[in-house]
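Asks: Dumping the structure here so I can ask a few things about it.
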Protein chains: 2
Amino acid sequence: MNQILSNYKVLIEALNYTRAGVLITDPNLEDNPIVYANKGFVDMTGYTLDEILGENCRFLQGLETAASDVDKLRTGIQKKESVFVEILNYKKDGTEFWNSLSVDPLYMEEEDRHYFIGVQRDVTERKLVEEKYKKSVAEVKALACPIVPLVNDVAVIPLVGEMSDQRFETVFNEASDYIVKTQTKTLILDVSGLTKLTNYDIEGIVKLEAVLSLVGAEMYLTGLSSEMAVNAVQLNDRFATEIKAASSLKVLLEKLI
Amino acid sequence: MNQILSNYKVLIEALNYTRAGVLITDPNLEDNPIVYANKGFVDMTGYTLDEILGENCRFLQGLETAASDVDKLRTGIQKKESVFVEILNYKKDGTEFWNSLSVDPLYMEEEDRHYFIGVQRDVTERKLVEEKYKKSVAEVKALACPIVPLVNDVAVIPLVGEMSDQRFETVFNEASDYIVKTQTKTLILDVSGLTKLTNYDIEGIVKLEAVLSLVGAEMYLTGLSSEMAVNAVQLNDRFATEIKAASSLKVLLEKLI
């Protein structure tokens, strides 16, 4: 062990530099109070050491804190087991923050007794990005299958961008539902806005055509590039025989309407 | 200060429990080697203490590590200033991880010399969600404005889901560009798939109509619910006078085609 580490002050400094909140509580005292808190905890929560020492940690909880997370912590402490939760906590000024909290029992041989050490990280930023990501995924889903009802029982689905397995599933389900519900006779799948067509997409198109024909609707495919067409025919035997295609939506509509 | 904190072992334990990686380096020795590493650092990187102690931290860097991040660290250490970077690092087994790293000079008065304390957190999970979120936002943008060219110089934009300011900006730009590029005479904005119409959307529709009429195209609005119509007319004087609307796309197309 290096000389620097036998220096008490350096260790305290090191603990303060971690920016993680570090707490030690003493379950041998009434209500398991905090007996040590580092600078990271003070910075993260806005409480002063005077306000923290001697208190039970529950002052971090608030209105929106999930009872199940609190139960998990309580049970772990009762059983002297390690617990990990991501719990909604509150700073002194009332601001919510997501606390990635681990609590571990710490057995000190010399004293023959247990302490608990709690380590917390503020993961609010990650939680917010996760939420925004979930919303965005829902938005993609909502946008994945715009169905445009035209005249004469003809509807068009214009696909744009890049398909993913998930997005194709959405198109597949919504298009079938729509046809059954509206009794539309002809569905045109326009792929001119797609950047590429994967094997999965090609299979999906063939499958969609089969389902639609079972419920009495005809499917046309428009906007296939020559490269996409060659690829599709090579990859799937049924593509050439079962898919009715037209070079463009305009050409097809002039025939149909 | 509580008695427990004068216990050297408890402090070492506490440092190991933080799960943050904590390093102390000694710039008074040649090549500023690591003189202390905690358990968090060992767990995060996969190196043993034997492999770490006495080495300079640069073994964490690899092929994809940004040179600018390395420069920032080097400059901070030279000037004895605090540095914060989010840097791409490598574990012993070659796995990449995003390291949220702060390096601070640590002046020890008794010894009248500086050390550096480095604290690292693995933020790979957050970085990955951020990347997925960015991709998803790009996907939403790509899906925001499907333009369906129909017969007789008529094109339809079916809007589905919920508009945001951003999404409306996309529709506005892409629709204007499209009209100018293709010389389409009539653009139909079908809003039957929208869940609501905000004040911003209503203004945007009026603005779009004005721009299109300047470039010689006519705009029609279809699929407005009666509730949306009442709201729009109350909020914007020009809505009733300048927007040509039809109850549905089908009704309008039967007239136009």
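Residues are referred to by chain and number: the chain letter is A, B, ... according to the order shown in the structure tokens, the number counts from 1 in that chain, and ligands are numbered separately from 1 in the order shown.
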So that I can check the secondary structure, give me every residue of range 37-243 of chain A assigned helix (DSSP H, G or I) by backbone DSSP, as a PyMOL selection string.
Replies: chain A and resi 39-45+49-52+57-60+67-78+124-143+165-182+199-214+226-235+237-242
Asks: Store the residues picked out above, limited to C-alpha atoms, as a CSV table (one decimal), in the first residue's frame.
Replies:
```csv
chain,number,residue,atom,x,y,z
A,39,LYS,CA,-19.4,16.1,-0.1
A,40,GLY,CA,-21.0,14.3,-3.1
A,41,PHE,CA,-24.2,13.7,-1.0
A,42,VAL,CA,-24.3,17.3,0.2
A,43,ASP,CA,-23.8,18.6,-3.4
A,44,MET,CA,-26.4,16.2,-4.8
A,45,THR,CA,-29.2,16.9,-2.2
A,49,LEU,CA,-24.1,18.1,7.1
A,50,ASP,CA,-25.8,19.6,10.2
A,51,GLU,CA,-29.2,18.8,8.7
A,52,ILE,CA,-28.2,15.2,7.7
A,57,CYS,CA,-32.4,8.8,5.2
A,58,ARG,CA,-36.1,8.8,4.6
A,59,PHE,CA,-36.1,12.6,4.3
A,60,LEU,CA,-35.1,12.0,0.7
A,67,ALA,CA,-43.7,2.7,-2.3
A,68,SER,CA,-42.3,-0.5,-3.8
A,69,ASP,CA,-38.8,1.0,-3.9
A,70,VAL,CA,-39.1,2.1,-0.3
A,71,ASP,CA,-40.2,-1.4,0.7
A,72,LYS,CA,-37.3,-3.0,-1.2
A,73,LEU,CA,-34.9,-0.8,0.8
A,74,ARG,CA,-36.6,-1.5,4.1
A,75,THR,CA,-36.6,-5.3,3.6
A,76,GLY,CA,-32.9,-5.3,2.5
A,77,ILE,CA,-31.9,-3.3,5.6
A,78,GLN,CA,-33.9,-5.6,7.9
A,124,THR,CA,-31.8,12.0,-13.8
A,125,GLU,CA,-30.2,12.9,-17.1
A,126,ARG,CA,-30.2,9.2,-18.3
A,127,LYS,CA,-33.9,8.8,-17.1
A,128,LEU,CA,-35.0,11.9,-19.1
A,129,VAL,CA,-33.3,10.7,-22.3
A,130,GLU,CA,-34.9,7.3,-21.8
A,131,GLU,CA,-38.3,8.9,-21.5
A,132,LYS,CA,-37.7,11.1,-24.6
A,133,TYR,CA,-36.6,8.0,-26.5
A,134,LYS,CA,-39.8,6.1,-25.5
A,135,LYS,CA,-41.9,9.0,-26.7
A,136,SER,CA,-40.0,9.2,-30.0
A,137,VAL,CA,-40.4,5.4,-30.6
A,138,ALA,CA,-44.2,5.8,-30.0
A,139,GLU,CA,-44.2,8.7,-32.5
A,140,VAL,CA,-42.4,6.6,-35.1
A,141,LYS,CA,-45.0,4.0,-34.6
A,142,ALA,CA,-47.8,6.5,-35.1
A,143,LEU,CA,-46.2,7.7,-38.2
A,165,ASP,CA,-38.8,-5.1,-38.7
A,166,GLN,CA,-40.9,-3.3,-36.1
A,167,ARG,CA,-42.2,-0.7,-38.5
A,168,PHE,CA,-43.1,-3.4,-41.0
A,169,GLU,CA,-45.1,-5.2,-38.4
A,170,THR,CA,-47.0,-2.0,-37.7
A,171,VAL,CA,-47.8,-1.6,-41.4
A,172,PHE,CA,-48.8,-5.2,-41.7
A,173,ASN,CA,-51.2,-5.0,-38.8
A,174,GLU,CA,-52.7,-1.6,-39.5
A,175,ALA,CA,-53.2,-2.2,-43.2
A,176,SER,CA,-55.0,-5.5,-42.6
A,177,ASP,CA,-57.2,-3.9,-39.9
A,178,TYR,CA,-58.0,-1.0,-42.1
A,179,ILE,CA,-59.1,-3.1,-45.1
A,180,VAL,CA,-61.3,-5.3,-43.0
A,181,LYS,CA,-62.9,-2.3,-41.2
A,182,THR,CA,-63.5,-0.1,-44.3
A,199,ASN,CA,-35.2,-9.3,-47.3
A,200,TYR,CA,-37.6,-9.0,-44.4
A,201,ASP,CA,-39.5,-6.2,-46.2
A,202,ILE,CA,-39.8,-8.3,-49.3
A,203,GLU,CA,-41.2,-11.2,-47.3
A,204,GLY,CA,-43.6,-8.9,-45.5
A,205,ILE,CA,-44.9,-7.5,-48.8
A,206,VAL,CA,-45.7,-11.0,-50.1
A,207,LYS,CA,-47.3,-11.9,-46.8
A,208,LEU,CA,-49.4,-8.8,-46.8
A,209,GLU,CA,-50.6,-9.5,-50.3
A,210,ALA,CA,-51.7,-13.0,-49.2
A,211,VAL,CA,-53.6,-11.7,-46.2
A,212,LEU,CA,-55.3,-9.0,-48.1
A,213,SER,CA,-56.4,-11.4,-50.9
A,214,LEU,CA,-57.9,-13.6,-48.2
A,226,SER,CA,-35.3,-1.4,-60.9
A,227,GLU,CA,-32.6,-2.4,-58.4
A,228,MET,CA,-35.2,-3.2,-55.8
A,229,ALA,CA,-37.2,-5.2,-58.3
A,230,VAL,CA,-34.2,-7.4,-59.4
A,231,ASN,CA,-33.3,-8.0,-55.8
A,232,ALA,CA,-36.9,-8.9,-54.8
A,233,VAL,CA,-37.4,-11.4,-57.6
A,234,GLN,CA,-34.1,-13.1,-56.8
A,235,LEU,CA,-34.9,-13.4,-53.2
A,237,ASP,CA,-40.0,-16.8,-55.9
A,238,ARG,CA,-43.5,-15.6,-55.1
A,239,PHE,CA,-42.7,-12.0,-55.7
A,240,ALA,CA,-42.7,-12.1,-59.5
A,241,THR,CA,-45.8,-14.3,-59.7
A,242,GLU,CA,-48.1,-12.9,-57.0
```
Asks: Which neighbours of range 62-65 of chain B fall inside 7 Å, counting only C-alpha atoms, when residues of the same chain fewer than 3 positions from it are skipped, and could you give them as a PyMOL selection string?
Replies: chain B and resi 87-90
Asks: For the residues in that selection, give me N, CA and C atoms as an mmCIF file, in the first residue's frame.
Replies:
```
data_model
loop_
_atom_site.group_PDB
_atom_site.id
_atom_site.type_symbol
_atom_site.label_atom_id
_atom_site.label_comp_id
_atom_site.auth_asym_id
_atom_site.auth_seq_id
_atom_site.Cartn_x
_atom_site.Cartn_y
_atom_site.Cartn_z
ATOM 1 N N ILE B 87 -14.977 10.486 -22.417
ATOM 2 C CA ILE B 87 -13.972 9.949 -23.336
ATOM 3 C C ILE B 87 -14.236 8.465 -23.595
ATOM 4 N N LEU B 88 -14.003 8.052 -24.843
ATOM 5 C CA LEU B 88 -14.161 6.636 -25.170
ATOM 6 C C LEU B 88 -12.913 5.889 -24.725
ATOM 7 N N ASN B 89 -13.071 4.942 -23.793
ATOM 8 C CA ASN B 89 -11.948 4.157 -23.271
ATOM 9 C C ASN B 89 -12.164 2.681 -23.558
ATOM 10 N N TYR B 90 -11.133 1.891 -23.220
ATOM 11 C CA TYR B 90 -11.171 0.455 -23.510
ATOM 12 C C TYR B 90 -10.865 -0.351 -22.256
#
```
Asks: With only C-alpha atoms as the counted atoms, please give the residues lying no more than 12 Å from Pro27 in chain A, apart from itself and same-chain residues fewer than 6 positions off, as a list in words.
Replies: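 Listed by chain and then number, they are Pro33, Ile34, Val35, Gly54, Glu55, Asn56, Cys57, Ile77, Gln78, Lys79, Lys80, Pro105, Leu106, Tyr107, Arg113, His114, Tyr115, Phe116 and Ile117 of chain A.
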Asks: May I have all residues of range 29-256 of chain B that DSSP, computed from the backbone, assigns to strand (DSSP E), given as a ChimeraX atom specification?
Replies: /B:34-37,83-90,96-108,113-122,148-149,154-161,186-194,218-222,244-246
Asks: Compile a residue-level contact table for chain B against chain A at a cut-off of 8 Å, reporting for every qualifying residue the shortest atom pair and its distance in Å to one decimal, with only C-alpha atoms counted, rows ordered by chain and ascending number, as a Markdown table.
Replies:
```
| residue | atom | partner | partner_atom | distance |
| --- | --- | --- | --- | --- |
| B:Asn2 | CA | A:Val35 | CA | 6.5 |
| B:Leu5 | CA | A:Tyr36 | CA | 7.7 |
| B:Ser6 | CA | A:Tyr8 | CA | 7.6 |
| B:Tyr8 | CA | A:Tyr8 | CA | 6.9 |
| B:Val10 | CA | A:Met108 | CA | 7.9 |
| B:Leu11 | CA | A:Leu11 | CA | 6.6 |
| B:Ile12 | CA | A:Leu11 | CA | 7.4 |
| B:Ala14 | CA | A:Ile117 | CA | 7.1 |
| B:Leu15 | CA | A:Leu15 | CA | 6.0 |
| B:Tyr17 | CA | A:Val119 | CA | 7.1 |
| B:Thr18 | CA | A:Val119 | CA | 5.7 |
| B:Ala20 | CA | A:Thr18 | CA | 6.7 |
| B:Val22 | CA | A:Thr18 | CA | 7.0 |
| B:Val35 | CA | A:Asn2 | CA | 6.5 |
| B:Tyr36 | CA | A:Asn2 | CA | 7.2 |
| B:Met108 | CA | A:Val10 | CA | 7.8 |
| B:Ile117 | CA | A:Ala14 | CA | 7.1 |
| B:Val119 | CA | A:Thr18 | CA | 5.7 |
| B:Arg126 | CA | A:Arg126 | CA | 5.2 |
| B:Val129 | CA | A:Glu130 | CA | 6.3 |
| B:Glu130 | CA | A:Val129 | CA | 6.3 |
| B:Lys132 | CA | A:Tyr133 | CA | 7.2 |
| B:Tyr133 | CA | A:Tyr133 | CA | 4.7 |
| B:Ser136 | CA | A:Ser136 | CA | 6.0 |
| B:Val137 | CA | A:Ser136 | CA | 6.4 |
| B:Glu139 | CA | A:Val140 | CA | 6.8 |
| B:Val140 | CA | A:Val140 | CA | 5.4 |
| B:Ala142 | CA | A:Gly161 | CA | 5.6 |
| B:Leu143 | CA | A:Val160 | CA | 6.1 |
| B:Ala144 | CA | A:Leu143 | CA | 7.0 |
| B:Pro146 | CA | A:Val160 | CA | 6.4 |
| B:Ile147 | CA | A:Pro158 | CA | 7.7 |
| B:Val148 | CA | A:Pro158 | CA | 6.5 |
| B:Pro149 | CA | A:Lys250 | CA | 6.8 |
| B:Leu150 | CA | A:Lys250 | CA | 5.3 |
| B:Val151 | CA | A:Lys250 | CA | 5.1 |
| B:Pro158 | CA | A:Val148 | CA | 6.5 |
| B:Leu159 | CA | A:Pro146 | CA | 7.5 |
| B:Val160 | CA | A:Leu143 | CA | 6.1 |
| B:Gly161 | CA | A:Ala142 | CA | 5.6 |
| B:Gly193 | CA | A:Pro146 | CA | 7.9 |
| B:Leu249 | CA | A:Leu150 | CA | 6.6 |
| B:Lys250 | CA | A:Val151 | CA | 5.1 |
| B:Val251 | CA | A:Val151 | CA | 7.9 |
| B:Leu253 | CA | A:Val151 | CA | 6.5 |
| B:Glu254 | CA | A:Val151 | CA | 6.5 |
```
Asks: Do you have the CA of Thr25 in chain A-CA of Glu96 in chain A distance handy?
Replies: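 Atom-to-atom, CA of Thr25 in chain A and CA of Glu96 in chain A are spaced 23.0 Å apart.
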Asks: Could you work out how far CA of Gln61 in chain B lies from CA of Ala37 in chain B, giving the answer in Å with one decimal?
Replies: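 Atom-to-atom, CA of Ala37 in chain B to CA of Gln61 in chain B, that is 17.1 Å.
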Asks: Which is closest to Leu187 in chain B among B:Leu224, B:Lys244, B:Glu218, B:Thr95, if we use only C-alpha atoms?
Replies: B:Glu218
